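Have a look at my_file-v1.cif below; it lists mmCIF, C-alpha atoms.
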```
data_target
loop_
_atom_site.label_atom_id
_atom_site.label_comp_id
_atom_site.auth_asym_id
_atom_site.auth_seq_id
_atom_site.Cartn_x
_atom_site.Cartn_y
_atom_site.Cartn_z
CA MET A 189 8.50 20.98 -6.56
CA ILE A 190 6.63 18.77 -4.14
CA ASN A 191 2.87 19.24 -3.98
CA ILE A 192 1.90 17.62 -0.67
CA GLU A 193 -1.62 16.98 -2.01
CA ALA A 194 -0.15 14.43 -4.46
CA LEU A 195 0.94 12.25 -1.52
CA PHE A 196 -2.72 11.68 -0.68
CA LYS A 197 -3.21 9.90 -4.02
CA ILE A 198 -1.23 6.89 -2.78
CA SER A 199 -3.58 4.16 -1.52
CA TYR A 200 -2.92 2.36 1.76
CA GLY A 201 -4.74 0.13 4.19
CA LEU A 202 -4.56 0.50 7.96
CA TYR A 203 -3.20 -2.27 10.16
CA ILE A 204 -2.12 -3.08 13.71
CA VAL A 205 1.44 -4.42 13.69
CA CYS A 206 2.38 -6.28 16.90
CA SER A 207 5.29 -8.14 18.39
CA GLY A 208 6.35 -9.53 21.77
CA ASP A 209 5.15 -12.59 23.67
CA LYS A 210 2.57 -13.62 26.27
CA ASN A 211 4.33 -11.67 29.01
CA CYS A 212 4.90 -8.43 27.20
CA GLY A 213 3.86 -7.13 23.83
CA ASN A 214 3.25 -3.93 21.95
CA GLY A 215 1.72 -2.78 18.68
CA PHE A 216 1.25 0.28 16.51
CA ILE A 217 -0.99 1.35 13.66
CA SER A 218 0.72 1.17 10.29
CA ASN A 219 -0.37 2.16 6.80
CA SER A 220 2.62 0.63 5.07
CA VAL A 221 2.18 -3.12 4.95
CA PHE A 222 2.64 -4.80 1.59
CA GLN A 223 3.53 -8.07 -0.05
CA VAL A 224 6.98 -7.97 -1.68
CA THR A 225 7.27 -11.42 -3.25
CA ALA A 226 4.81 -14.19 -4.12
CA GLU A 227 7.22 -17.18 -4.07
CA PRO A 228 7.68 -17.51 -1.15
CA PRO A 229 5.13 -14.99 0.15
CA LYS A 230 7.11 -12.23 1.86
CA PHE A 231 5.79 -9.11 3.50
CA ALA A 232 7.32 -5.77 4.41
CA VAL A 233 6.28 -3.25 7.00
CA CYS A 234 7.65 0.22 7.57
CA CYS A 235 8.27 1.20 11.21
CA SER A 236 9.65 4.37 12.81
CA LYS A 237 12.87 3.81 14.75
CA ASN A 238 11.09 5.69 17.58
CA ASN A 239 8.29 3.13 17.70
CA PHE A 240 8.48 1.01 20.84
CA THR A 241 7.32 -1.98 18.72
CA ALA A 242 10.52 -1.80 16.61
CA GLU A 243 12.47 -3.09 19.63
CA PHE A 244 10.04 -5.98 20.08
CA ILE A 245 10.23 -7.00 16.41
CA GLN A 246 14.03 -7.09 16.51
CA LYS A 247 14.09 -9.01 19.80
CA HIS A 248 11.46 -11.62 18.82
CA ASN A 249 12.32 -11.84 15.09
CA ALA A 250 8.65 -11.97 14.18
CA PHE A 251 5.58 -9.77 13.99
CA SER A 252 1.87 -9.95 13.32
CA VAL A 253 -0.32 -7.77 11.13
CA SER A 254 -4.05 -7.36 11.80
CA VAL A 255 -6.17 -5.77 9.07
CA LEU A 256 -8.50 -3.22 10.67
CA ASP A 257 -12.23 -3.33 9.95
CA GLN A 258 -13.59 -0.20 8.21
CA ASN A 259 -15.86 0.37 11.22
CA VAL A 260 -13.14 -0.08 13.84
CA SER A 261 -13.80 1.96 16.99
CA SER A 262 -11.90 5.16 17.73
CA GLU A 263 -10.68 3.54 20.97
CA ILE A 264 -8.64 0.96 19.04
CA ILE A 265 -7.18 3.61 16.71
CA GLY A 266 -6.54 5.93 19.64
CA SER A 267 -4.71 3.40 21.77
CA PHE A 268 -2.57 1.84 19.01
CA GLY A 269 -2.09 4.89 16.81
CA TYR A 270 -1.54 7.85 19.06
CA ARG A 271 -0.10 6.60 22.32
CA SER A 272 3.28 5.08 23.04
CA GLY A 273 3.50 1.65 24.63
CA LYS A 274 6.46 2.98 26.63
CA ASN A 275 4.04 4.36 29.23
CA PHE A 276 0.79 2.53 28.55
CA ASP A 277 -0.11 -1.16 28.19
CA LYS A 278 -1.79 -1.20 24.78
CA MET A 279 -2.50 -4.91 24.95
CA ALA A 280 -4.64 -4.73 28.11
CA GLY A 281 -8.28 -5.58 27.48
CA LYS A 282 -7.75 -6.59 23.83
CA THR A 283 -8.72 -9.94 22.32
CA ILE A 284 -5.41 -11.59 21.53
CA ILE A 285 -4.33 -14.91 20.09
CA TYR A 286 -0.69 -16.04 19.91
CA GLY A 287 1.01 -17.21 16.72
CA GLU A 288 3.38 -20.14 16.31
CA THR A 289 6.31 -17.75 16.84
CA GLY A 290 4.65 -16.62 20.07
CA VAL A 291 3.80 -13.10 18.87
CA PRO A 292 0.49 -11.57 19.96
CA ILE A 293 -2.13 -11.08 17.24
CA ILE A 294 -4.91 -8.57 17.88
CA ILE A 295 -8.24 -9.85 16.59
CA ASN A 296 -10.57 -7.12 17.94
CA GLU A 297 -12.41 -5.39 15.12
CA CYS A 298 -10.13 -6.87 12.44
CA VAL A 299 -10.98 -8.66 9.18
CA ALA A 300 -7.81 -10.76 8.70
CA PHE A 301 -4.38 -11.35 10.20
CA PHE A 302 -0.87 -12.40 9.18
CA GLU A 303 2.06 -13.82 11.10
CA ILE A 304 5.49 -13.03 9.68
CA LYS A 305 8.98 -14.34 10.54
CA LEU A 306 11.58 -11.55 10.29
CA LEU A 307 14.26 -12.03 7.61
CA GLN A 308 15.89 -8.61 7.37
CA ALA A 309 15.64 -5.02 8.61
CA VAL A 310 16.47 -2.32 6.06
CA ASP A 311 17.56 1.10 7.32
CA ALA A 312 15.65 3.78 5.40
CA GLY A 313 16.61 6.75 7.57
CA THR A 314 14.03 7.63 10.23
CA HIS A 315 12.27 4.31 9.57
CA LEU A 316 13.16 0.62 9.33
CA ILE A 317 11.62 -1.62 6.70
CA PHE A 318 11.09 -5.04 8.24
CA ILE A 319 10.94 -7.80 5.62
CA GLY A 320 9.81 -11.29 6.54
CA GLU A 321 8.29 -14.53 5.37
CA LEU A 322 4.57 -15.10 5.78
CA ILE A 323 3.96 -18.20 7.89
CA ASN A 324 0.27 -17.79 8.74
CA ALA A 325 -2.62 -15.91 7.16
CA GLU A 326 -6.28 -16.10 8.06
CA VAL A 327 -9.54 -14.28 7.34
CA LEU A 328 -11.48 -13.34 10.49
CA ASP A 329 -14.59 -11.87 8.88
CA ASN A 330 -15.31 -12.02 5.18
CA ASN A 331 -18.33 -9.73 5.43
CA LYS A 332 -16.44 -6.70 6.66
CA GLU A 333 -14.43 -4.26 4.53
CA PRO A 334 -10.79 -3.50 5.33
CA LEU A 335 -10.20 0.08 6.52
CA THR A 336 -8.26 2.17 4.02
CA TYR A 337 -6.23 5.30 4.75
CA SER A 338 -8.37 7.15 2.21
CA HIS A 339 -11.57 6.20 4.08
CA TYR A 340 -9.91 7.12 7.38
CA ARG A 341 -8.99 10.56 6.03
CA GLN A 342 -12.04 11.37 3.94
CA VAL A 343 -14.88 9.78 5.89
CA ARG A 344 -13.49 9.61 9.42
CA LYS A 345 -11.41 12.81 9.10
CA GLY A 346 -8.36 11.24 10.72
CA VAL A 347 -4.73 12.25 10.21
CA ALA A 348 -1.45 10.31 10.38
CA PRO A 349 0.34 10.23 13.75
CA LYS A 350 3.83 11.72 14.15
CA ASN A 351 5.74 8.45 13.67
CA ALA A 352 3.96 7.50 10.43
CA PRO A 353 5.96 7.63 7.19
CA THR A 354 3.11 9.71 5.78
CA TYR A 355 3.02 12.24 8.64
CA ILE A 356 2.56 15.79 7.45
CA ASP A 357 3.62 18.71 9.59
CA LYS A 358 0.65 21.06 9.33
CA SER A 359 2.80 24.08 10.20
CA LYS A 360 4.68 23.54 6.95
CA LEU A 361 1.51 23.30 4.94
CA GLU A 362 -0.37 26.34 6.14
CA LYS A 363 0.60 29.91 6.88
CA ALA A 364 0.30 30.80 10.54
CA LYS A 365 -3.28 31.77 11.15
CA THR A 366 -4.15 35.10 12.74
CA SER A 367 -4.42 34.61 16.46
CA THR A 368 -7.94 34.75 17.86
CA ILE A 369 -9.06 34.86 21.46
CA SER A 370 -10.90 31.54 21.22
CA LYS A 371 -9.22 28.58 19.49
CA ARG A 372 -10.46 25.08 18.61
CA TYR A 373 -8.38 21.90 18.69
CA LYS A 374 -9.23 18.57 17.13
CA CYS A 375 -8.32 15.03 18.17
CA PRO A 376 -6.63 13.39 15.16
CA SER A 377 -7.92 9.98 16.21
CA CYS A 378 -11.62 10.31 17.00
CA GLY A 379 -12.37 13.84 15.81
CA TYR A 380 -13.31 15.20 19.27
CA ILE A 381 -13.14 19.01 19.29
CA TYR A 382 -11.92 21.02 22.26
CA ASP A 383 -13.36 24.50 21.93
CA ASP A 384 -11.74 27.15 24.16
CA ALA A 385 -14.94 29.18 24.00
CA SER A 386 -17.02 26.55 25.78
CA GLU A 387 -14.42 25.27 28.29
CA LYS A 388 -13.23 26.66 31.61
CA LEU A 389 -9.57 26.28 30.67
CA LYS A 390 -7.94 27.28 27.40
CA PHE A 391 -6.48 24.26 25.59
CA GLU A 392 -2.94 25.61 25.94
CA ASN A 393 -3.36 25.77 29.71
CA LEU A 394 -4.42 22.12 30.06
CA PRO A 395 -1.73 19.93 31.68
CA ASP A 396 0.57 18.00 29.32
CA ARG A 397 -0.75 14.68 30.63
CA TRP A 398 -4.32 15.62 29.62
CA VAL A 399 -5.74 13.14 27.10
CA CYS A 400 -8.75 13.13 24.80
CA PRO A 401 -11.80 12.38 26.97
CA LEU A 402 -13.24 10.14 24.24
CA CYS A 403 -10.32 8.01 23.06
CA GLY A 404 -7.23 8.74 25.18
CA THR A 405 -5.14 10.42 22.48
CA GLU A 406 -2.41 12.60 23.98
CA LYS A 407 -2.74 16.40 24.13
CA SER A 408 0.38 16.88 22.00
CA ASP A 409 -1.32 15.13 19.07
CA PHE A 410 -4.28 17.53 18.94
CA PHE A 411 -4.11 20.12 16.19
CA GLU A 412 -5.66 23.55 15.87
CA ILE A 413 -8.55 23.89 13.42
CA MET B 257 -1.59 -22.23 7.48
CA ILE B 258 -1.86 -19.63 4.77
CA ASN B 259 -5.36 -18.74 3.64
CA ILE B 260 -4.81 -17.05 0.26
CA GLU B 261 -8.07 -15.11 0.69
CA ALA B 262 -6.47 -13.15 3.54
CA LEU B 263 -3.96 -11.65 1.10
CA PHE B 264 -6.82 -9.83 -0.64
CA LYS B 265 -7.47 -7.84 2.55
CA ILE B 266 -4.29 -5.81 2.03
CA SER B 267 -5.09 -2.48 0.35
CA TYR B 268 -3.01 -1.21 -2.57
CA GLY B 269 -3.22 1.42 -5.29
CA LEU B 270 -2.22 0.81 -8.90
CA TYR B 271 0.55 2.80 -10.55
CA ILE B 272 2.72 2.98 -13.65
CA VAL B 273 6.39 2.95 -12.67
CA CYS B 274 8.73 4.20 -15.43
CA SER B 275 12.39 4.81 -16.05
CA GLY B 276 14.71 5.56 -18.97
CA ASP B 277 15.20 8.74 -20.95
CA LYS B 278 13.92 10.51 -24.08
CA ASN B 279 15.48 7.91 -26.37
CA CYS B 280 14.37 4.76 -24.62
CA GLY B 281 12.11 4.11 -21.71
CA ASN B 282 9.93 1.44 -20.18
CA GLY B 283 7.32 1.08 -17.49
CA PHE B 284 5.23 -1.49 -15.65
CA ILE B 285 2.12 -1.55 -13.53
CA SER B 286 2.87 -1.83 -9.83
CA ASN B 287 0.63 -2.18 -6.80
CA SER B 288 3.43 -1.77 -4.28
CA VAL B 289 4.35 1.90 -4.09
CA PHE B 290 4.50 3.47 -0.65
CA GLN B 291 6.06 6.27 1.31
CA VAL B 292 8.71 5.02 3.77
CA THR B 293 9.82 8.20 5.52
CA ALA B 294 8.40 11.71 5.86
CA GLU B 295 11.63 13.62 6.58
CA PRO B 296 12.92 13.64 3.89
CA PRO B 297 10.05 12.14 1.86
CA LYS B 298 11.27 8.75 0.61
CA PHE B 299 9.37 6.25 -1.47
CA ALA B 300 9.78 2.55 -2.12
CA VAL B 301 8.60 0.45 -5.02
CA CYS B 302 8.73 -3.31 -5.39
CA CYS B 303 9.86 -4.62 -8.79
CA SER B 304 10.37 -8.15 -10.14
CA LYS B 305 13.94 -8.90 -11.17
CA ASN B 306 12.40 -10.13 -14.44
CA ASN B 307 10.85 -6.74 -15.16
CA PHE B 308 12.57 -4.96 -18.03
CA THR B 309 12.07 -1.68 -16.12
CA ALA B 310 14.35 -2.92 -13.29
CA GLU B 311 17.33 -2.55 -15.64
CA PHE B 312 16.30 1.01 -16.56
CA ILE B 313 15.90 2.07 -12.93
CA GLN B 314 19.36 0.77 -12.03
CA LYS B 315 20.96 2.39 -15.08
CA HIS B 316 19.28 5.80 -14.70
CA ASN B 317 19.18 5.88 -10.87
CA ALA B 318 15.71 7.38 -10.94
CA PHE B 319 12.10 6.44 -11.63
CA SER B 320 8.68 7.99 -11.91
CA VAL B 321 5.36 6.84 -10.47
CA SER B 322 2.04 7.78 -12.09
CA VAL B 323 -1.13 7.19 -10.07
CA LEU B 324 -3.74 5.56 -12.34
CA ASP B 325 -7.22 7.04 -12.60
CA GLN B 326 -10.01 4.70 -11.41
CA ASN B 327 -11.49 4.84 -14.92
CA VAL B 328 -8.23 4.13 -16.76
CA SER B 329 -8.75 2.30 -20.04
CA SER B 330 -8.00 -1.40 -20.43
CA GLU B 331 -5.49 -0.48 -23.16
CA ILE B 332 -3.22 1.30 -20.65
CA ILE B 333 -3.47 -1.57 -18.16
CA GLY B 334 -2.96 -4.11 -20.94
CA SER B 335 0.13 -2.50 -22.40
CA PHE B 336 1.89 -1.69 -19.11
CA GLY B 337 0.65 -4.58 -17.00
CA TYR B 338 0.67 -7.66 -19.17
CA ARG B 339 3.26 -7.17 -21.90
CA SER B 340 7.03 -7.03 -21.66
CA GLY B 341 8.84 -3.98 -23.01
CA LYS B 342 11.53 -6.38 -24.23
CA ASN B 343 9.55 -6.94 -27.41
CA PHE B 344 7.11 -4.02 -27.50
CA ASP B 345 7.53 -0.23 -27.19
CA LYS B 346 5.17 0.57 -24.34
CA MET B 347 5.90 4.30 -24.51
CA ALA B 348 4.72 4.73 -28.11
CA GLY B 349 1.60 6.85 -28.39
CA LYS B 350 1.51 7.80 -24.69
CA THR B 351 1.45 11.33 -23.32
CA ILE B 352 4.82 11.72 -21.63
CA ILE B 353 6.63 14.50 -19.78
CA TYR B 354 10.26 14.24 -18.65
CA GLY B 355 11.37 14.89 -15.07
CA GLU B 356 14.46 16.78 -13.94
CA THR B 357 16.37 13.46 -13.81
CA GLY B 358 15.28 12.86 -17.42
CA VAL B 359 12.95 9.94 -16.64
CA PRO B 360 9.72 9.67 -18.62
CA ILE B 361 6.49 10.28 -16.67
CA ILE B 362 3.25 8.90 -18.13
CA ILE B 363 0.39 11.36 -17.66
CA ASN B 364 -2.33 9.58 -19.71
CA GLU B 365 -5.32 8.78 -17.52
CA CYS B 366 -3.43 9.46 -14.29
CA VAL B 367 -4.37 11.58 -11.27
CA ALA B 368 -0.90 12.44 -9.89
CA PHE B 369 2.77 11.70 -10.43
CA PHE B 370 6.03 11.45 -8.50
CA GLU B 371 9.67 11.62 -9.53
CA ILE B 372 12.10 9.72 -7.33
CA LYS B 373 15.92 9.63 -7.21
CA LEU B 374 17.18 6.11 -6.43
CA LEU B 375 19.07 5.73 -3.13
CA GLN B 376 19.24 1.96 -2.64
CA ALA B 377 18.04 -1.34 -4.07
CA VAL B 378 17.17 -4.04 -1.55
CA ASP B 379 17.24 -7.68 -2.65
CA ALA B 380 14.07 -9.39 -1.42
CA GLY B 381 14.43 -12.62 -3.43
CA THR B 382 12.45 -12.64 -6.68
CA HIS B 383 11.91 -8.87 -6.34
CA LEU B 384 13.98 -5.76 -5.69
CA ILE B 385 12.73 -2.98 -3.43
CA PHE B 386 13.89 0.33 -4.89
CA ILE B 387 14.07 3.08 -2.27
CA GLY B 388 14.55 6.68 -3.28
CA GLU B 389 14.06 10.32 -2.38
CA LEU B 390 11.04 12.17 -3.69
CA ILE B 391 12.13 15.18 -5.74
CA ASN B 392 8.90 16.09 -7.54
CA ALA B 393 5.23 15.46 -6.84
CA GLU B 394 2.24 16.90 -8.64
CA VAL B 395 -1.53 16.42 -8.85
CA LEU B 396 -2.81 16.07 -12.43
CA ASP B 397 -6.54 15.91 -11.75
CA ASN B 398 -8.09 16.48 -8.35
CA ASN B 399 -11.56 15.43 -9.47
CA LYS B 400 -10.63 11.86 -10.32
CA GLU B 401 -10.26 8.98 -7.87
CA PRO B 402 -7.05 6.91 -7.76
CA LEU B 403 -7.50 3.31 -8.92
CA THR B 404 -7.16 0.79 -6.11
CA TYR B 405 -6.29 -2.89 -6.45
CA SER B 406 -9.51 -3.74 -4.64
CA HIS B 407 -11.56 -1.77 -7.21
CA TYR B 408 -9.57 -3.40 -10.02
CA ARG B 409 -10.32 -6.87 -8.66
CA GLN B 410 -13.89 -6.43 -7.45
CA VAL B 411 -15.37 -4.02 -9.98
CA ARG B 412 -13.16 -4.56 -13.03
CA LYS B 413 -12.52 -8.28 -12.33
CA GLY B 414 -8.80 -7.97 -13.05
CA VAL B 415 -6.04 -10.20 -11.65
CA ALA B 416 -2.35 -9.57 -10.89
CA PRO B 417 0.15 -10.31 -13.69
CA LYS B 418 2.84 -12.97 -13.23
CA ASN B 419 5.60 -10.58 -12.14
CA ALA B 420 3.51 -8.89 -9.43
CA PRO B 421 4.45 -9.57 -5.80
CA THR B 422 0.78 -10.43 -5.26
CA TYR B 423 0.51 -12.89 -8.18
CA ILE B 424 -1.48 -15.99 -7.32
CA ASP B 425 -1.04 -19.21 -9.25
CA LYS B 426 -4.62 -20.32 -9.88
CA SER B 427 -3.54 -23.94 -10.28
CA LYS B 428 -2.47 -23.94 -6.66
CA LEU B 429 -5.76 -22.49 -5.52
CA GLU B 430 -8.21 -24.76 -7.28
CA LYS B 431 -8.42 -28.47 -7.87
CA ALA B 432 -8.05 -29.44 -11.50
CA LYS B 433 -11.44 -29.14 -13.10
CA THR B 434 -13.00 -31.99 -15.01
CA SER B 435 -12.07 -31.66 -18.64
CA THR B 436 -14.87 -30.55 -20.94
CA ILE B 437 -14.92 -30.39 -24.73
CA SER B 438 -15.42 -26.63 -24.81
CA LYS B 439 -13.37 -24.39 -22.54
CA ARG B 440 -13.48 -20.65 -21.85
CA TYR B 441 -10.49 -18.39 -21.19
CA LYS B 442 -10.50 -14.90 -19.75
CA CYS B 443 -8.18 -11.95 -20.34
CA PRO B 444 -6.90 -10.85 -16.90
CA SER B 445 -6.57 -7.28 -18.10
CA CYS B 446 -9.78 -6.32 -19.89
CA GLY B 447 -12.02 -9.30 -19.13
CA TYR B 448 -12.39 -10.43 -22.77
CA ILE B 449 -13.54 -14.04 -22.92
CA TYR B 450 -12.34 -16.51 -25.55
CA ASP B 451 -14.95 -19.26 -25.81
CA ASP B 452 -13.82 -22.41 -27.62
CA ALA B 453 -17.45 -23.18 -28.48
CA SER B 454 -17.87 -20.08 -30.62
CA GLU B 455 -14.42 -19.92 -32.25
CA LYS B 456 -12.92 -21.83 -35.15
CA LEU B 457 -9.77 -22.71 -33.23
CA LYS B 458 -9.56 -24.04 -29.71
CA PHE B 459 -7.71 -21.62 -27.43
CA GLU B 460 -4.91 -24.15 -26.82
CA ASN B 461 -4.32 -24.35 -30.56
CA LEU B 462 -3.87 -20.59 -31.00
CA PRO B 463 -0.25 -19.58 -31.71
CA ASP B 464 1.85 -18.45 -28.71
CA ARG B 465 2.17 -14.95 -30.18
CA TRP B 466 -1.63 -14.53 -30.23
CA VAL B 467 -2.74 -11.58 -28.11
CA CYS B 468 -6.06 -10.37 -26.70
CA PRO B 469 -7.92 -8.71 -29.61
CA LEU B 470 -9.17 -5.97 -27.28
CA CYS B 471 -6.14 -4.93 -25.23
CA GLY B 472 -3.06 -6.81 -26.46
CA THR B 473 -2.52 -8.98 -23.38
CA GLU B 474 -0.43 -12.06 -24.16
CA LYS B 475 -2.01 -15.51 -24.59
CA SER B 476 0.01 -16.94 -21.68
CA ASP B 477 -1.68 -14.55 -19.27
CA PHE B 478 -5.21 -15.74 -20.07
CA PHE B 479 -6.73 -18.11 -17.52
CA GLU B 480 -9.40 -20.74 -17.81
CA ILE B 481 -12.77 -19.93 -16.29
#
```

Structure encoded using structure tokens:
Amino acid sequence: MINIEALFKISYGLYIVCSGDKNCGNGFISNSVFQVTAEPPKFAVCCSKNNFTAEFIQKHNAFSVSVLDQNVSSEIIGSFGYRSGKNFDKMAGKTIIYGETGVPIIINECVAFFEIKLLQAVDAGTHLIFIGELINAEVLDNNKEPLTYSHYRQVRKGVAPKNAPTYIDKSKLEKAKTSTISKRYKCPSCGYIYDDASEKLKFENLPDRWVCPLCGTEKSDFFEI
Amino acid sequence: MINIEALFKISYGLYIVCSGDKNCGNGFISNSVFQVTAEPPKFAVCCSKNNFTAEFIQKHNAFSVSVLDQNVSSEIIGSFGYRSGKNFDKMAGKTIIYGETGVPIIINECVAFFEIKLLQAVDAGTHLIFIGELINAEVLDNNKEPLTYSHYRQVRKGVAPKNAPTYIDKSKLEKAKTSTISKRYKCPSCGYIYDDASEKLKFENLPDRWVCPLCGTEKSDFFEI
């Protein structure tokens, strides 16, 4: 018997994982970054095979990890967490430095960063676990707290995006609710609520390319509340 | 350049990972437990090749994970985190249930548990990454907070044991301190301080089998403060 609520007792941080070079790069928000050995320091990161960044990591054999600040803006979470880099340049307008491997490192609203040289990619089914050696690590701001998944869920009321290893399909958790004339939909990234009752168009009639007016999260990521 | 301080910006929980059966079992405290895929739910745990529990997991092809309560006693941390099961029965006196694979699951002072069937073991150097499918998950106490590594370090002043992937060799961090006649040594588990000035024997003259009088942590894990 699997009680989904137990999964929320696992503690994670939230990070931007990036790869690429000065010409072209991409990144995604990950909750599964962890140190796997101390001597030498090696890190692992879990990445959906559907993530555009997975291709970059395998091509460039390196990636960066930026530790998000607890007070990171919804725009950063929205652009890296809920949109695909396949049709949107996530790196535009961000503050970026480049590591010795050439990978981009996002330093906007982050407290620390790591640069990691890829050693192996482990196939875990829908996801790859990228394992690599740490070659650079720096603190950006010692006065800020790292954002945790627990804080993101409990205080900021965010949920995991579809490609996250911790994604939970709400339809499996809850019985179908009785249909009502007016429905409300919430942005998983910034919490914006679209209320059918106060809008001209019902949410379901909005075009597919409609995005959250606050943070740019795609319509398909909104969930009914 | 690797700034060791940056490593403390990665967020982890703290867990007891166990394997074995009703006759013989063992467990260790891990900070690297994480979900790697959602469909099906798979978990990974990082384990030193020197950990006695690694042998149990490979023999029984299953393991359990218990999520420690934020207010867990130093005795539980001391016995699972800083002592080897090779010469000490860690399971004695604990409250244990057995999963459908037969593995022991510690439920003392824990908020949730997981039972995982081993699928693969990835060699990451000094550590193995055990990946398996989640077959049981339950919440034990919804009113208690899970212990995080950050809370353990900042509030409880604990440090990682030698087999942890996040272990930091203090001698590499700090310049050798000027020798003084009276030295002080701290237990990494419960914080007990052995002060040469107020004891009959100097710490360095205590026998190797000496353990922390409060929580049983081994002498070799104490560090000078």

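Using only C-alpha atoms, the smallest distance between any of B:Leu390, B:Leu324, B:Asp452, B:Pro444 and A:Ile192 comes from B:Leu390.
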
Practice item. Considering all atoms listed in the file, state which residue in the set A:Pro292, A:Pro228, A:Pro395, A:Gly273 is at the smallest distance from chain B. Key: A:Pro228

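The protein and nucleic acid residues lying at most 10 Å from stretch 402-404 of chain A are Ser261, Ser262, Glu263, Ile264, Ile265, Gly266, Ser267, Tyr270, Arg271, Cys375, Ser377, Cys378, Gly379, Tyr380, Trp398, Val399, Cys400, Glu406 and Lys407 of chain A, with all atoms listed in the file considered and sequence neighbours fewer than 2 positions away removed.
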
Please dump the current selection as a CSV table (one decimal), in the coordinates of the input; keep C-alpha atoms.
```csv
chain,number,residue,atom,x,y,z
A,261,SER,CA,-13.8,2.0,17.0
A,262,SER,CA,-11.9,5.2,17.7
A,263,GLU,CA,-10.7,3.5,21.0
A,264,ILE,CA,-8.6,1.0,19.0
A,265,ILE,CA,-7.2,3.6,16.7
A,266,GLY,CA,-6.5,5.9,19.6
A,267,SER,CA,-4.7,3.4,21.8
A,270,TYR,CA,-1.5,7.8,19.1
A,271,ARG,CA,-0.1,6.6,22.3
A,375,CYS,CA,-8.3,15.0,18.2
A,377,SER,CA,-7.9,10.0,16.2
A,378,CYS,CA,-11.6,10.3,17.0
A,379,GLY,CA,-12.4,13.8,15.8
A,380,TYR,CA,-13.3,15.2,19.3
A,398,TRP,CA,-4.3,15.6,29.6
A,399,VAL,CA,-5.7,13.1,27.1
A,400,CYS,CA,-8.8,13.1,24.8
A,406,GLU,CA,-2.4,12.6,24.0
A,407,LYS,CA,-2.7,16.4,24.1
```

Check your understanding: For the file shown, what are the residues hit by the PyMOL selection byres ((chain A) within 7 of (chain B)), laid out as a ChimeraX atom specification?
Key -> /A:189-191,193-194,197-201,220,222-226,234,255,300,314-315,323-327,334,336,353-355

Would you compute the box with edges along x, y and z of the file around stretch 288-304 of chain B, including every atom the file lists for it and 5 Å extra on each side, and give its centre and edge lengths in Å to one decimal, as JSON?
```
{"center_x": 8.2, "center_y": 2.7, "center_z": -1.8, "size_x": 19.5, "size_y": 31.8, "size_z": 26.7}
```

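Between atom CA of A:Phe216 and atom CA of B:Ser286 the separation is 26.5 Å.
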
Check your understanding: From the list B:Lys373, B:Glu480, B:Gly349, B:Asn343, which residue is nearest B:Arg465 when using all atoms listed in the file?
Key ->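 Residue with the minimum atom-to-atom distance to B:Arg465: B:Asn343.
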
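The space between atom CA of A:Phe244 and atom CA of A:Ser207 spans 5.5 Å.
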
Exercise for review: Given the file shown, enumerate the residues that the PyMOL selection byres ((chain B and resi 311) around 12) captures and present them as a PyMOL selection string.
Suggested key: chain B and resi 274-276+280-283+303-310+312-319+341-342+377+384+386

Check your understanding: Any chance you could work out the residue set of the PyMOL selection byres ((chain B and resi 441) around 8) here, as a ChimeraX atom specification?
Key -> /B:439-440,442-443,449-451,459,478-481

Review point. So how far away is atom CA of A:Ile294 from atom CA of A:Met279, in Å?
Key: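 One can read the atom CA of A:Met279 to atom CA of A:Ile294 distance as 8.3 Å.
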